[in-house]
Amino acid sequence: MLKALRSTLVMVHECVVMSIDNILGNRVRSFLTVLGIMIGVAAVIALISTVDGVSVSMTNQFLELGANTLTVSVTGTDEKAGMTPEDLQKIVDLDEVDGIVPTVSTRAYVVSGGKISDERMTVAGKNGYYFQITEDLLERGRVLNALDDEYRTWVCMVSQDLVDEFFFAKDPIGQTIYVSGLPFEIVGLYEEDSGGGVAALFAGQPDVLIPYTTALRLNSTNVVTSFSVYMTEGYESKAVQEAVENTMDPIFSYEEDTFTVTSMESIEEMMQTMLSMMSTMLAGIASIALVVGGIGIMNMMLTTVTERTVEIGLKKALGAVPWQIQMQFLIESFMLSILGGIVGILLGFVISFALCRALDTDFVISMGAIVLGVSFSAAVGILFGWAPARKASRLNPIDALRSL
């Protein structure tokens with residue numbers, strides 16, 4: 001038993017040595033054969049790693065926005081188009097809710113000192129709670145507060161871009177701007193890269209912040225159709241979502257499809273599903289290159305069998321059995337494929353790193369991608385090397401030796 005095992009190991013070692021000699025003896029042909037596998041594996045690794053990096057970056061952004069957030073969108077009914085400030089207060093009064101941030105926005109021309117903005121600027125209505133959860137938003141002056149919401153004051157906070165356009169080298173605090181022809185006193189300057197929440201993620205930063213009740217008046221309405229709900233610490237999102245829905249149902253007379261409550265977790269799951277589908281589709285497309293590389297390996301191995309007909313005949317004449325011949329050619333095919341796979345993995349990560357830097361996302365070294373790359377290359381080497389190896393093992397030694 002041990003003798004047979006030792007004999008097998010010696011034979012495998014000899015096959016490996018001969019395979020290396022044959023690969024090095026045909027460097028150009030071996031390189032071109034490996035190139036197909038290398039490109040295929042590199043493409044798969046680069047795509048999977050890049051998508052993983054984008055996925056991690058998006059997950060981190062959602063966590064920064066707050067996993068304890070629900071987004072409510074109201075379609076309303078013919079009798080009631082949205083939520084009034086009194087209706088919103090019912091949501092705030094829930095034990096499960098720490099606070100809410102209404103989303104009221106419009107685009108309007110801004111005028112100051114006889115100068116009008118080149119294009120419409122984004123004007124967003126916010127409430128006092130919004131500035132409590134974004135403490136680093138204020139740069140100078142003061143923030144908007146609950147009194148501004150209650151009395152619908154005509155005050156605003158502005159971005160640095162607006163200051164640069166209208167108040168270059170001047171102090172904007174206390175100055176007056178006109179939004180849609182209505183005067184607003186500037187009480188604060190805010191940092192554009194801070195805060196924003198979900199709205200900022202999808203719609204970008206606003207140029208002017210005003211009390212949300214004043215924004216409703218600016219839009220000639222008294223109802224809110226979109227707002228974010230911030231959960232009280234210790235409550236699960238499903239419980240909070242259920243409490244919000246139970247509170248809103250009687251407001252809209254229990255009619256169906258009048259509002260939608262979405263958790264950040266569900267949005268994240270949806271994005272992850274989309275990214276996973278995209279990753280699978282792109283990896284499938286990139287795998288075509290692996291098939292092409294496999295055909296290249298088969299072509300080379302068939303050529304090698306033809307060139308080494310005499311060698312095969314001599315081995316069979318000296319007592320080599322078909323499975324030993326087949327093993328030799330399979331090992332050579334496997335080594336070529338694995339070599340291409342290893343180089344392809346390294347090249348794929350280099351490409352992925354460059355793409356992640358260009359996209360400004362996190363670079364992730366995925367062990368799954370490495371396992372997939374090695375498995376693909378090994379499988380290609382075995383599958384496409386099988387037919388040439390089988391052909392070599394079935395050669396008749398007499399016919400092979402006739403070419404001597």
# chains A, B, ... in the order shown; residues from 1 in each chain; ligands from 1
>>> residues_around(residues="stretch 67-83 of chain A", least_positions_apart="6", cutoff="6 Å", atoms="only C-alpha atoms", output="PyMOL selection string")
chain A and resi 223-231+258-264
>>> atom_distance(atom1="atom CA of A:Pro172", atom2="atom CA of A:Ser220")
27.7 Å
>>> closest_residue(among="A:Met278, A:Val34, A:Leu346, A:Glu96", to="A:Ser55", atoms="only C-alpha atoms")
A:Met278
>>> select_by_dssp(residues="stretch 69-105 of chain A", states="helix (DSSP H, G or I)", output="PyMOL selection string")
chain A and resi 85-92
